[in-house]
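Structure file coords-v1.pdb (PDB, C-alpha atoms and all ligand atoms) is printed below.
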ATOM      1  CA  MET A   1       2.002  14.521  22.753
ATOM      2  CA  THR A   2       2.537  16.030  26.199
ATOM      3  CA  ASN A   3      -0.412  17.628  28.049
ATOM      4  CA  ARG A   4      -2.788  19.161  25.593
ATOM      5  CA  LEU A   5      -3.343  22.832  26.132
ATOM      6  CA  ILE A   6      -5.474  23.691  23.112
ATOM      7  CA  ASP A   7      -8.044  21.341  21.624
ATOM      8  CA  LEU A   8     -10.235  22.196  18.668
ATOM      9  CA  ASP A   9     -12.857  19.634  17.765
ATOM     10  CA  LYS A  10     -14.547  19.922  14.356
ATOM     11  CA  VAL A  11     -14.585  23.694  14.543
ATOM     12  CA  GLY A  12     -16.373  25.632  11.825
ATOM     13  CA  MET A  13     -17.013  29.323  11.459
ATOM     14  CA  THR A  14     -19.425  31.106   9.156
ATOM     15  CA  TYR A  15     -19.580  34.891   9.208
ATOM     16  CA  ARG A  16     -22.995  36.450   8.652
ATOM     17  CA  ALA A  17     -21.968  39.293   6.398
ATOM     18  CA  ALA A  18     -24.426  41.789   4.888
ATOM     19  CA  SER A  19     -23.747  40.292   1.454
ATOM     20  CA  GLY A  20     -24.480  36.759   2.709
ATOM     21  CA  PRO A  21     -22.790  34.036   4.737
ATOM     22  CA  VAL A  22     -19.007  33.575   4.446
ATOM     23  CA  GLU A  23     -17.736  30.176   5.470
ATOM     24  CA  ALA A  24     -14.286  30.917   6.878
ATOM     25  CA  LEU A  25     -13.391  27.612   8.578
ATOM     26  CA  ALA A  26     -14.645  24.049   8.225
ATOM     27  CA  GLY A  27     -13.941  20.867  10.185
ATOM     28  CA  ILE A  28     -10.863  22.076  12.036
ATOM     29  CA  SER A  29      -9.641  19.504  14.560
ATOM     30  CA  LEU A  30      -6.314  20.413  16.077
ATOM     31  CA  SER A  31      -4.511  19.826  19.351
ATOM     32  CA  VAL A  32      -1.545  21.778  20.651
ATOM     33  CA  GLY A  33       0.486  20.420  23.542
ATOM     34  CA  ALA A  34       1.630  22.546  26.475
ATOM     35  CA  GLY A  35       4.977  24.061  25.615
ATOM     36  CA  GLU A  36       4.602  23.368  21.923
ATOM     37  CA  PHE A  37       5.389  25.921  19.211
ATOM     38  CA  VAL A  38       2.952  25.487  16.327
ATOM     39  CA  SER A  39       2.767  27.635  13.205
ATOM     40  CA  LEU A  40      -0.212  28.077  10.912
ATOM     41  CA  VAL A  41       0.399  28.829   7.264
ATOM     42  CA  GLY A  42      -2.175  29.172   4.522
ATOM     43  CA  PRO A  43      -3.357  31.430   1.732
ATOM     44  CA  SER A  44      -4.745  34.862   2.484
ATOM     45  CA  GLY A  45      -8.377  34.657   3.599
ATOM     46  CA  CYS A  46      -8.256  30.986   4.655
ATOM     47  CA  GLY A  47      -9.266  31.825   8.221
ATOM     48  CA  LYS A  48      -6.005  31.988  10.191
ATOM     49  CA  SER A  49      -6.891  35.188  12.051
ATOM     50  CA  THR A  50     -10.396  33.842  12.594
ATOM     51  CA  LEU A  51      -8.939  30.684  14.125
ATOM     52  CA  LEU A  52      -6.753  32.666  16.547
ATOM     53  CA  ARG A  53      -9.709  34.804  17.602
ATOM     54  CA  ILE A  54     -11.783  31.675  18.254
ATOM     55  CA  VAL A  55      -9.013  30.140  20.397
ATOM     56  CA  ALA A  56      -8.721  33.429  22.332
ATOM     57  CA  GLY A  57     -12.478  33.386  22.943
ATOM     58  CA  LEU A  58     -12.906  36.717  21.159
ATOM     59  CA  ARG A  59     -15.417  35.159  18.764
ATOM     60  CA  PRO A  60     -17.493  32.000  19.158
ATOM     61  CA  ALA A  61     -17.154  29.202  16.617
ATOM     62  CA  THR A  62     -20.345  28.456  14.693
ATOM     63  CA  VAL A  63     -19.897  24.719  15.248
ATOM     64  CA  GLY A  64     -17.524  22.503  17.176
ATOM     65  CA  THR A  65     -15.847  22.908  20.533
ATOM     66  CA  VAL A  66     -12.765  24.741  21.673
ATOM     67  CA  THR A  67     -10.974  23.772  24.862
ATOM     68  CA  VAL A  68      -8.048  25.637  26.394
ATOM     69  CA  ALA A  69      -6.405  24.318  29.565
ATOM     70  CA  SER A  70      -9.267  21.817  30.008
ATOM     71  CA  ARG A  71     -11.947  24.525  29.922
ATOM     72  CA  THR A  72     -14.460  24.993  27.157
ATOM     73  CA  VAL A  73     -13.914  28.443  25.698
ATOM     74  CA  THR A  74     -17.071  30.572  25.839
ATOM     75  CA  GLN A  75     -15.597  34.017  26.568
ATOM     76  CA  PRO A  76     -12.231  35.783  26.234
ATOM     77  CA  ILE A  77      -9.681  33.694  28.091
ATOM     78  CA  PRO A  78      -7.318  35.221  30.634
ATOM     79  CA  ASP A  79      -3.547  34.774  30.767
ATOM     80  CA  ILE A  80      -2.837  34.965  27.096
ATOM     81  CA  GLY A  81      -0.591  37.226  25.115
ATOM     82  CA  MET A  82      -2.159  38.163  21.830
ATOM     83  CA  VAL A  83      -0.380  39.884  18.986
ATOM     84  CA  PHE A  84      -2.901  41.028  16.384
ATOM     85  CA  GLN A  85      -2.167  41.310  12.698
ATOM     86  CA  ALA A  86      -2.277  45.122  13.046
ATOM     87  CA  PRO A  87      -0.397  46.639  16.019
ATOM     88  CA  ILE A  88      -3.531  48.288  17.582
ATOM     89  CA  LEU A  89      -1.782  50.742  19.891
ATOM     90  CA  LEU A  90      -3.717  53.469  21.693
ATOM     91  CA  LYS A  91      -2.670  56.597  19.873
ATOM     92  CA  TRP A  92      -2.869  58.950  22.856
ATOM     93  CA  ARG A  93      -0.607  56.831  25.058
ATOM     94  CA  THR A  94       3.170  56.675  24.845
ATOM     95  CA  ILE A  95       4.835  53.438  23.725
ATOM     96  CA  LEU A  96       5.780  52.600  27.319
ATOM     97  CA  GLU A  97       2.210  53.289  28.484
ATOM     98  CA  ASN A  98       0.899  51.059  25.700
ATOM     99  CA  VAL A  99       3.222  48.226  26.716
ATOM    100  CA  LEU A 100       2.065  48.625  30.332
ATOM    101  CA  LEU A 101      -1.637  48.489  29.399
ATOM    102  CA  PRO A 102      -2.151  44.764  30.212
ATOM    103  CA  ALA A 103      -0.899  45.431  33.760
ATOM    104  CA  GLU A 104      -3.560  48.104  34.233
ATOM    105  CA  LEU A 105      -6.278  45.959  32.701
ATOM    106  CA  ALA A 106      -5.355  43.070  34.985
ATOM    107  CA  ALA A 107      -5.241  45.489  37.947
ATOM    108  CA  LYS A 108      -1.558  44.710  38.497
ATOM    109  CA  ASP A 109       0.959  47.215  39.762
ATOM    110  CA  ALA A 110       2.114  48.916  36.557
ATOM    111  CA  GLY A 111       4.911  50.668  38.477
ATOM    112  CA  ALA A 112       6.435  47.328  39.447
ATOM    113  CA  LEU A 113       6.301  46.155  35.829
ATOM    114  CA  ARG A 114       7.943  49.275  34.414
ATOM    115  CA  GLY A 115      11.379  47.672  34.603
ATOM    116  CA  ARG A 116      10.196  44.648  32.654
ATOM    117  CA  ALA A 117       8.475  46.852  30.075
ATOM    118  CA  ILE A 118      11.681  48.800  29.519
ATOM    119  CA  GLU A 119      13.675  45.567  29.278
ATOM    120  CA  LEU A 120      11.267  44.272  26.615
ATOM    121  CA  LEU A 121      11.483  47.524  24.661
ATOM    122  CA  GLU A 122      15.278  47.245  24.749
ATOM    123  CA  MET A 123      15.052  43.678  23.503
ATOM    124  CA  ALA A 124      12.907  44.897  20.608
ATOM    125  CA  GLY A 125      15.350  47.703  19.783
ATOM    126  CA  LEU A 126      12.932  50.390  20.949
ATOM    127  CA  HIS A 127      14.696  51.729  24.049
ATOM    128  CA  GLY A 128      14.846  55.258  22.660
ATOM    129  CA  PHE A 129      11.128  55.302  21.869
ATOM    130  CA  ALA A 130       9.486  54.573  25.219
ATOM    131  CA  GLY A 131       8.243  58.155  25.584
ATOM    132  CA  LYS A 132       7.079  58.603  21.973
ATOM    133  CA  LEU A 133       3.547  58.333  20.670
ATOM    134  CA  PRO A 134       2.677  55.483  18.255
ATOM    135  CA  HIS A 135       2.451  57.748  15.190
ATOM    136  CA  GLU A 136       6.099  58.709  15.699
ATOM    137  CA  LEU A 137       7.127  55.080  15.023
ATOM    138  CA  SER A 138       7.254  53.136  11.758
ATOM    139  CA  GLY A 139       4.791  50.269  11.172
ATOM    140  CA  GLY A 140       7.424  47.650  12.006
ATOM    141  CA  MET A 141       8.383  49.465  15.208
ATOM    142  CA  GLN A 142       4.731  49.653  16.253
ATOM    143  CA  GLN A 143       4.448  45.935  15.652
ATOM    144  CA  ARG A 144       7.474  45.284  17.858
ATOM    145  CA  ALA A 145       5.891  47.451  20.568
ATOM    146  CA  SER A 146       2.719  45.369  20.392
ATOM    147  CA  LEU A 147       4.853  42.240  20.788
ATOM    148  CA  CYS A 148       6.358  43.743  23.964
ATOM    149  CA  ARG A 149       2.826  44.427  25.232
ATOM    150  CA  ALA A 150       1.853  40.783  24.648
ATOM    151  CA  LEU A 151       4.895  39.579  26.592
ATOM    152  CA  LEU A 152       4.578  41.961  29.548
ATOM    153  CA  LEU A 153       2.734  39.631  31.913
ATOM    154  CA  ASP A 154       4.764  36.593  30.832
ATOM    155  CA  PRO A 155       1.652  34.693  29.679
ATOM    156  CA  PRO A 156       1.843  30.894  29.337
ATOM    157  CA  LEU A 157      -0.029  31.042  26.004
ATOM    158  CA  LEU A 158       0.927  33.282  23.096
ATOM    159  CA  LEU A 159      -1.350  33.736  20.082
ATOM    160  CA  MET A 160       0.561  35.605  17.415
ATOM    161  CA  ASP A 161      -0.928  36.755  14.127
ATOM    162  CA  GLU A 162       1.866  37.566  11.669
ATOM    163  CA  PRO A 163       3.772  39.439  14.370
ATOM    164  CA  PHE A 164       6.777  39.997  12.118
ATOM    165  CA  GLY A 165       4.825  40.768   8.948
ATOM    166  CA  ALA A 166       5.838  44.431   8.751
ATOM    167  CA  LEU A 167       9.519  43.918   9.538
ATOM    168  CA  ASP A 168      12.497  43.967   7.182
ATOM    169  CA  ALA A 169      14.176  40.582   6.616
ATOM    170  CA  MET A 170      17.084  41.126   8.998
ATOM    171  CA  THR A 171      15.038  42.488  11.889
ATOM    172  CA  ARG A 172      12.605  39.664  11.262
ATOM    173  CA  ASP A 173      15.329  37.035  11.702
ATOM    174  CA  ASP A 174      16.576  38.753  14.860
ATOM    175  CA  MET A 175      13.066  38.858  16.302
ATOM    176  CA  ALA A 176      12.559  35.172  15.504
ATOM    177  CA  LEU A 177      15.688  34.255  17.449
ATOM    178  CA  GLU A 178      14.633  36.551  20.284
ATOM    179  CA  LEU A 179      11.205  34.914  20.382
ATOM    180  CA  LEU A 180      12.817  31.473  20.678
ATOM    181  CA  ARG A 181      14.920  32.776  23.551
ATOM    182  CA  ILE A 182      11.868  34.173  25.342
ATOM    183  CA  TRP A 183      10.050  30.919  24.665
ATOM    184  CA  GLY A 184      12.811  29.181  26.605
ATOM    185  CA  GLU A 185      14.294  27.086  23.810
ATOM    186  CA  ARG A 186      17.714  27.044  25.426
ATOM    187  CA  ASP A 187      17.076  27.024  29.119
ATOM    188  CA  LEU A 188      13.609  25.679  29.901
ATOM    189  CA  ALA A 189      12.247  22.146  29.876
ATOM    190  CA  ARG A 190       9.432  21.589  27.394
ATOM    191  CA  GLU A 191       6.679  21.785  30.063
ATOM    192  CA  ALA A 192       7.980  25.103  31.383
ATOM    193  CA  ARG A 193       7.930  26.763  27.981
ATOM    194  CA  LYS A 194       5.139  28.900  26.660
ATOM    195  CA  THR A 195       2.666  27.423  24.226
ATOM    196  CA  VAL A 196       2.717  29.363  20.984
ATOM    197  CA  LEU A 197       0.267  29.427  18.095
ATOM    198  CA  PHE A 198       1.949  31.519  15.419
ATOM    199  CA  VAL A 199       0.519  32.668  12.086
ATOM    200  CA  THR A 200       2.911  33.518   9.287
ATOM    201  CA  HIS A 201       3.043  33.731   5.503
ATOM    202  CA  SER A 202       6.707  32.751   5.522
ATOM    203  CA  ILE A 203       7.319  29.015   5.157
ATOM    204  CA  THR A 204      10.950  29.469   6.206
ATOM    205  CA  GLU A 205       9.960  31.327   9.355
ATOM    206  CA  ALA A 206       7.348  28.689  10.212
ATOM    207  CA  ILE A 207       9.864  25.842   9.921
ATOM    208  CA  PHE A 208      12.634  27.730  11.688
ATOM    209  CA  LEU A 209      10.520  28.463  14.764
ATOM    210  CA  SER A 210       8.175  25.532  15.093
ATOM    211  CA  ASP A 211       7.757  22.036  16.413
ATOM    212  CA  ARG A 212       4.885  21.599  13.966
ATOM    213  CA  VAL A 213       3.662  23.454  10.913
ATOM    214  CA  VAL A 214      -0.052  23.253  10.184
ATOM    215  CA  VAL A 215      -0.884  24.016   6.558
ATOM    216  CA  MET A 216      -4.376  25.263   5.775
ATOM    217  CA  SER A 217      -6.335  25.024   2.535
ATOM    218  CA  PRO A 218      -7.999  28.007   0.834
ATOM    219  CA  ARG A 219     -11.315  29.184   2.299
ATOM    220  CA  PRO A 220     -13.132  27.561   3.922
ATOM    221  CA  GLY A 221      -9.929  26.821   5.800
ATOM    222  CA  ARG A 222      -9.331  23.158   6.542
ATOM    223  CA  ILE A 223      -6.175  21.442   7.710
ATOM    224  CA  ALA A 224      -4.355  20.286   4.594
ATOM    225  CA  ALA A 225      -1.260  18.995   6.406
ATOM    226  CA  ASP A 226       0.143  18.853   9.919
ATOM    227  CA  LEU A 227       3.897  18.387   9.680
ATOM    228  CA  ARG A 228       6.371  17.730  12.470
ATOM    229  CA  VAL A 229       9.626  19.689  12.256
ATOM    230  CA  ASP A 230      12.274  17.241  13.363
ATOM    231  CA  LEU A 231      15.164  19.663  13.407
ATOM    232  CA  PRO A 232      17.494  19.960  16.395
ATOM    233  CA  ARG A 233      17.059  22.766  18.914
ATOM    234  CA  PRO A 234      18.329  25.320  19.623
ATOM    235  CA  ARG A 235      17.719  26.336  16.037
ATOM    236  CA  THR A 236      20.528  28.123  14.241
ATOM    237  CA  VAL A 237      20.413  30.136  11.052
ATOM    238  CA  GLU A 238      22.761  27.570   9.441
ATOM    239  CA  LEU A 239      20.006  24.950   9.783
ATOM    240  CA  ARG A 240      18.146  26.720   7.028
ATOM    241  CA  ALA A 241      20.758  25.485   4.571
ATOM    242  CA  SER A 242      20.274  21.848   5.612
ATOM    243  CA  GLU A 243      18.732  19.201   3.418
ATOM    244  CA  ALA A 244      16.019  18.380   5.959
ATOM    245  CA  PHE A 245      14.979  22.045   6.068
ATOM    246  CA  GLY A 246      14.854  22.218   2.286
ATOM    247  CA  ARG A 247      12.753  19.053   2.008
ATOM    248  CA  LEU A 248      10.214  20.326   4.492
ATOM    249  CA  ASN A 249      10.137  23.711   2.788
ATOM    250  CA  LEU A 250       9.318  22.053  -0.529
ATOM    251  CA  GLU A 251       6.675  19.803   1.005
ATOM    252  CA  ILE A 252       4.879  22.775   2.569
ATOM    253  CA  PHE A 253       5.201  24.794  -0.634
ATOM    254  CA  ARG A 254       3.683  21.943  -2.628
ATOM    255  CA  THR A 255       0.827  21.481  -0.193
ATOM    256  CA  LEU A 256       0.100  25.211  -0.296
ATOM    257  CA  THR A 257       0.247  25.600  -4.029
ATOM    258  CA  GLY A 258      -0.903  22.169  -5.164
ATOM    259  CA  ARG A 259       2.183  21.988  -7.403
ATOM    260  CA  THR A 260       3.747  18.608  -8.001
ATOM    261  CA  ALA A 261       7.317  17.548  -8.654
ATOM    262  CA  GLY A 262       8.983  19.026 -11.704
ATOM    263  CA  THR A 263       6.659  22.016 -12.058
ATOM    264  CA  THR A 264       8.465  24.911 -13.652
ATOM    265  CA  ALA A 265       7.898  28.522 -12.711
ATOM    266  CA  GLN A 266       6.088  29.728 -15.849
TER     267      GLN A 266
HETATM  268  N1  LIG B 301     -15.906  40.214  10.458
HETATM  269  C1  LIG B 301     -16.034  39.553   9.310
HETATM  270  N2  LIG B 301     -17.204  39.565   8.636
HETATM  271  C2  LIG B 301     -17.354  38.888   7.480
HETATM  272  N3  LIG B 301     -16.384  38.156   6.908
HETATM  273  C3  LIG B 301     -15.202  38.116   7.536
HETATM  274  C4  LIG B 301     -14.962  38.813   8.756
HETATM  275  N4  LIG B 301     -13.678  38.587   9.136
HETATM  276  C5  LIG B 301     -13.149  37.788   8.192
HETATM  277  N5  LIG B 301     -14.066  37.506   7.235
HETATM  278  C6  LIG B 301     -13.860  36.630   6.070
HETATM  279  O1  LIG B 301     -13.467  35.356   6.547
HETATM  280  C7  LIG B 301     -12.410  34.825   5.760
HETATM  281  C8  LIG B 301     -11.216  34.531   6.647
HETATM  282  O2  LIG B 301     -10.684  35.755   7.139
HETATM  283  P1  LIG B 301      -9.364  35.794   8.035
HETATM  284  O3  LIG B 301      -9.106  37.200   8.377
HETATM  285  O4  LIG B 301      -9.516  34.837   9.165
HETATM  286  O5  LIG B 301      -8.269  35.216   7.002
HETATM  287  P2  LIG B 301      -6.687  35.099   7.148
HETATM  288  O6  LIG B 301      -6.322  33.684   6.835
HETATM  289  O7  LIG B 301      -6.244  35.631   8.459
HETATM  290  O8  LIG B 301      -6.160  36.020   5.955
HETATM  291  P3  LIG B 301      -4.801  36.901   5.844
HETATM  292  O9  LIG B 301      -3.694  35.929   5.588
HETATM  293  O10 LIG B 301      -5.060  37.781   4.667
HETATM  294  O11 LIG B 301      -4.649  37.661   7.111
HETATM  295  C9  LIG B 301     -12.161  35.840   4.661
HETATM  296  O12 LIG B 301     -12.846  35.431   3.505
HETATM  297  C10 LIG B 301     -12.738  37.133   5.185
HETATM  298  O13 LIG B 301     -13.222  37.908   4.142
HETATM  299 MG    MG B 302      -5.097  37.233   9.000
END
What is this structure when it is put down as structure tokens?
Amino acid sequence: MTNRLIDLDKVGMTYRAASGPVEALAGISLSVGAGEFVSLVGPSGCGKSTLLRIVAGLRPATVGTVTVASRTVTQPIPDIGMVFQAPILLKWRTILENVLLPAELAAKDAGALRGRAIELLEMAGLHGFAGKLPHELSGGMQQRASLCRALLLDPPLLLMDEPFGALDAMTRDDMALELLRIWGERDLAREARKTVLFVTHSITEAIFLSDRVVVMSPRPGRIAADLRVDLPRPRTVELRASEAFGRLNLEIFRTLTGRTAGTTAQ
């Protein structure tokens, strides 16, 4: 692996809920190299969102250590773009003002970044909605706006929690290709690319985008498989019809469901 950017060492997380402890993650050891695109797939409730929040420093792990860019994570880390599972837009601010929020929070000149914000909104097919309030947009459009917000400051690390979950299949494919472009698949050397940790429920999407797909077990989430995607880049939609893609798809499906060869769908 190239330079490691994210290192999780035997990370575990137990929530102290009113009804008793909930063990969300157990024994997670995972490294992500700088410039790598890694997807996490796993059943609902296996701790994927929890894992992203721990990497971002938004929540401490109960046990184990988390290192990002050679620093132990003890508080929210700067220079990341985070896309949450829900869009979380401020309802009293326009879409453009929401996208510009990270500039204000980082005390950067929002005026200077307006052009970039508008460019990102165009990329996401939201050019006509810059002046609208969040409630005037559909759920999928709000999610695209929150993706623009995460990309505004061009962060080297992107943590994305089902960013395309609310999109229709065609928009979803377009956004996946756009994300690969922004990542620098075509024109940047590996080290110059962003590092991406991407949560999805779609096996196809995970394979299509990633260098590695990490499959998690049901709660408490553990790593059930860590599979390298040896498909050529830049990725094309035709690749999805290839034998290698199909094999990997089946392997991930089997790991997720525990089904073995020859199982019928009854
Ligand atoms: N704040 C919390 N307090 C108590 N339990 C929590 C809290 N957040 C999550 N959990 C529990 O921890 C487990 C993991 O939750 P998490 O949201 O990380 O799962 P997930 O893999 O992201 O699921 P999904 O695919 O449905 O988004 C679940 O059992 C959930 O009920
Ligand atoms: Mg989640």
Legend entry - Residue neighbourhood region 28-31 of chain A, 9 Å, all atoms listed in the file, exclusion window fewer than 6 positions, as a PyMOL selection string: chain A and resi 4-12+64+221-223
Go ahead and write the selection's residues with C-alpha atoms as an mmCIF file, in the frame of the given file.
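See part_24.cif below for the written result:
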data_model
loop_
_atom_site.group_PDB
_atom_site.id
_atom_site.type_symbol
_atom_site.label_atom_id
_atom_site.label_comp_id
_atom_site.auth_asym_id
_atom_site.auth_seq_id
_atom_site.Cartn_x
_atom_site.Cartn_y
_atom_site.Cartn_z
ATOM 1 C CA ARG A 4 -2.788 19.161 25.593
ATOM 2 C CA LEU A 5 -3.343 22.832 26.132
ATOM 3 C CA ILE A 6 -5.474 23.691 23.112
ATOM 4 C CA ASP A 7 -8.044 21.341 21.624
ATOM 5 C CA LEU A 8 -10.235 22.196 18.668
ATOM 6 C CA ASP A 9 -12.857 19.634 17.765
ATOM 7 C CA LYS A 10 -14.547 19.922 14.356
ATOM 8 C CA VAL A 11 -14.585 23.694 14.543
ATOM 9 C CA GLY A 12 -16.373 25.632 11.825
ATOM 10 C CA GLY A 64 -17.524 22.503 17.176
ATOM 11 C CA GLY A 221 -9.929 26.821 5.800
ATOM 12 C CA ARG A 222 -9.331 23.158 6.542
ATOM 13 C CA ILE A 223 -6.175 21.442 7.710
#
Legend entry - Selection result of the PyMOL selection byres (((not hetatm)) within 8 of (chain B and resi 302)) on this file, as number ranges by chain: A: 44-45, 47-50, 85, 161-162, 199
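For the file at hand, the PyMOL selection byres (((chain A and resi 115-121) around 8) and not hetatm) resolves to Leu96, Val99, Leu100, Ala112, Leu113, Arg114, Glu122, Met123, Ala124, Gly125, Leu126, His127, Ala130, Ala145, Cys148, Arg149, Leu151 and Leu152 of chain A.
Here CA of Asp226 (chain A) stands at a distance of 6.8 Å from CA of Arg212 (chain A).
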Inset, instruction - Could you pull out the residues sitting within 12 Å of ligand LIG 301 (chain B), using only C-alpha atoms and all ligand atoms, and write them as a ChimeraX atom specification? - result: /A:12-26,40-54,58-59,84-86,160-163,165,198-202,215-222
Legend entry - Residues matched by the PyMOL selection byres (((chain A and resi 155) around 7) and not hetatm) as number ranges by chain: A: 79-81, 151, 153-154, 156-158
Inset, instruction - Show which residues sit within 12 Å of Lys91 (chain A), as a VMD selection string. Count all atoms listed in the file, and ignore same-chain residues fewer than 5 positions away. - result: chain A and resid 96 to 98 132 to 137 142
Which neighbours of Thr74 (chain A) fall inside 10 Å, counting only C-alpha atoms, when residues of the same chain fewer than 4 positions from it are skipped, and could you give them as a tab-separated table (two decimals) with C-alpha atoms, in the frame of the given file?
chain	number	residue	atom	x	y	z
A	54	ILE	CA	-11.78	31.68	18.25
A	55	VAL	CA	-9.01	30.14	20.40
A	56	ALA	CA	-8.72	33.43	22.33
A	57	GLY	CA	-12.48	33.39	22.94
A	58	LEU	CA	-12.91	36.72	21.16
A	59	ARG	CA	-15.42	35.16	18.76
A	60	PRO	CA	-17.49	32.00	19.16
A	61	ALA	CA	-17.15	29.20	16.62
A	65	THR	CA	-15.85	22.91	20.53
A	66	VAL	CA	-12.76	24.74	21.67
A	67	THR	CA	-10.97	23.77	24.86
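Using only C-alpha atoms, the smallest distance between any of A:Val214, A:Ile203, A:Arg259, A:Glu185 and Phe245 (chain A) comes from A:Ile203.
Closest approach to Thr195 (chain A) among A:Trp183, A:Trp92, A:Phe164, A:Phe253 is made by A:Trp183 (distances from only C-alpha atoms).
CA of Asp211 (chain A) is found 5.1 Å from CA of Val229 (chain A).
One distance worth recording is that between CA of Gln143 (chain A) and CA of Pro87 (chain A), which is 4.9 Å.
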Padding of 8 Å on every side, edges along x, y and z, all listed atoms of region 174-187 of chain A included: what centre and edge lengths in Å, to one decimal, does that box have, as AutoDock Vina command-line options?
--center_x 13.9 --center_y 32.9 --center_z 22.0 --size_x 23.7 --size_y 27.8 --size_z 30.3
Legend entry - Nearby residues, (6.4, 22.1, 31.1) file frame, 10 Å, only C-alpha atoms, as a count of residues only: 14
Could region 52-63 of chain A be completed with N, CA, C and O atoms and written as a PDB file, in the frame of the given file, please?
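So out_37.pdb came out as:
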ATOM      1  N   LEU A  52      -7.388  32.134  15.332  1.00  0.00           N
ATOM      2  CA  LEU A  52      -6.753  32.666  16.547  1.00  0.00           C
ATOM      3  C   LEU A  52      -7.787  33.344  17.441  1.00  0.00           C
ATOM      4  O   LEU A  52      -7.773  33.192  18.662  1.00  0.00           O
ATOM      5  N   ARG A  53      -8.691  34.097  16.807  1.00  0.00           N
ATOM      6  CA  ARG A  53      -9.709  34.804  17.602  1.00  0.00           C
ATOM      7  C   ARG A  53     -10.635  33.810  18.302  1.00  0.00           C
ATOM      8  O   ARG A  53     -11.070  34.043  19.425  1.00  0.00           O
ATOM      9  N   ILE A  54     -10.918  32.695  17.645  1.00  0.00           N
ATOM     10  CA  ILE A  54     -11.783  31.675  18.254  1.00  0.00           C
ATOM     11  C   ILE A  54     -11.065  31.034  19.455  1.00  0.00           C
ATOM     12  O   ILE A  54     -11.651  30.847  20.516  1.00  0.00           O
ATOM     13  N   VAL A  55      -9.769  30.739  19.288  1.00  0.00           N
ATOM     14  CA  VAL A  55      -9.013  30.140  20.397  1.00  0.00           C
ATOM     15  C   VAL A  55      -8.958  31.114  21.575  1.00  0.00           C
ATOM     16  O   VAL A  55      -9.084  30.723  22.742  1.00  0.00           O
ATOM     17  N   ALA A  56      -8.804  32.409  21.276  1.00  0.00           N
ATOM     18  CA  ALA A  56      -8.721  33.429  22.332  1.00  0.00           C
ATOM     19  C   ALA A  56     -10.075  33.676  22.993  1.00  0.00           C
ATOM     20  O   ALA A  56     -10.158  34.343  24.019  1.00  0.00           O
ATOM     21  N   GLY A  57     -11.134  33.159  22.387  1.00  0.00           N
ATOM     22  CA  GLY A  57     -12.478  33.386  22.943  1.00  0.00           C
ATOM     23  C   GLY A  57     -13.029  34.752  22.574  1.00  0.00           C
ATOM     24  O   GLY A  57     -13.977  35.235  23.185  1.00  0.00           O
ATOM     25  N   LEU A  58     -12.430  35.391  21.569  1.00  0.00           N
ATOM     26  CA  LEU A  58     -12.906  36.717  21.159  1.00  0.00           C
ATOM     27  C   LEU A  58     -14.095  36.609  20.221  1.00  0.00           C
ATOM     28  O   LEU A  58     -14.780  37.591  19.946  1.00  0.00           O
ATOM     29  N   ARG A  59     -14.326  35.403  19.694  1.00  0.00           N
ATOM     30  CA  ARG A  59     -15.417  35.159  18.764  1.00  0.00           C
ATOM     31  C   ARG A  59     -15.823  33.703  18.938  1.00  0.00           C
ATOM     32  O   ARG A  59     -14.955  32.845  19.019  1.00  0.00           O
ATOM     33  N   PRO A  60     -17.127  33.413  19.017  1.00  0.00           N
ATOM     34  CA  PRO A  60     -17.493  32.000  19.158  1.00  0.00           C
ATOM     35  C   PRO A  60     -17.433  31.278  17.810  1.00  0.00           C
ATOM     36  O   PRO A  60     -17.702  31.888  16.766  1.00  0.00           O
ATOM     37  N   ALA A  61     -17.090  30.009  17.840  1.00  0.00           N
ATOM     38  CA  ALA A  61     -17.154  29.202  16.617  1.00  0.00           C
ATOM     39  C   ALA A  61     -18.628  28.953  16.313  1.00  0.00           C
ATOM     40  O   ALA A  61     -19.463  28.961  17.216  1.00  0.00           O
ATOM     41  N   THR A  62     -18.952  28.753  15.043  1.00  0.00           N
ATOM     42  CA  THR A  62     -20.345  28.456  14.693  1.00  0.00           C
ATOM     43  C   THR A  62     -20.678  27.012  15.068  1.00  0.00           C
ATOM     44  O   THR A  62     -21.764  26.720  15.555  1.00  0.00           O
ATOM     45  N   VAL A  63     -19.731  26.115  14.812  1.00  0.00           N
ATOM     46  CA  VAL A  63     -19.897  24.719  15.248  1.00  0.00           C
ATOM     47  C   VAL A  63     -18.587  24.217  15.835  1.00  0.00           C
ATOM     48  O   VAL A  63     -17.522  24.783  15.590  1.00  0.00           O
TER      49      VAL A  63
END
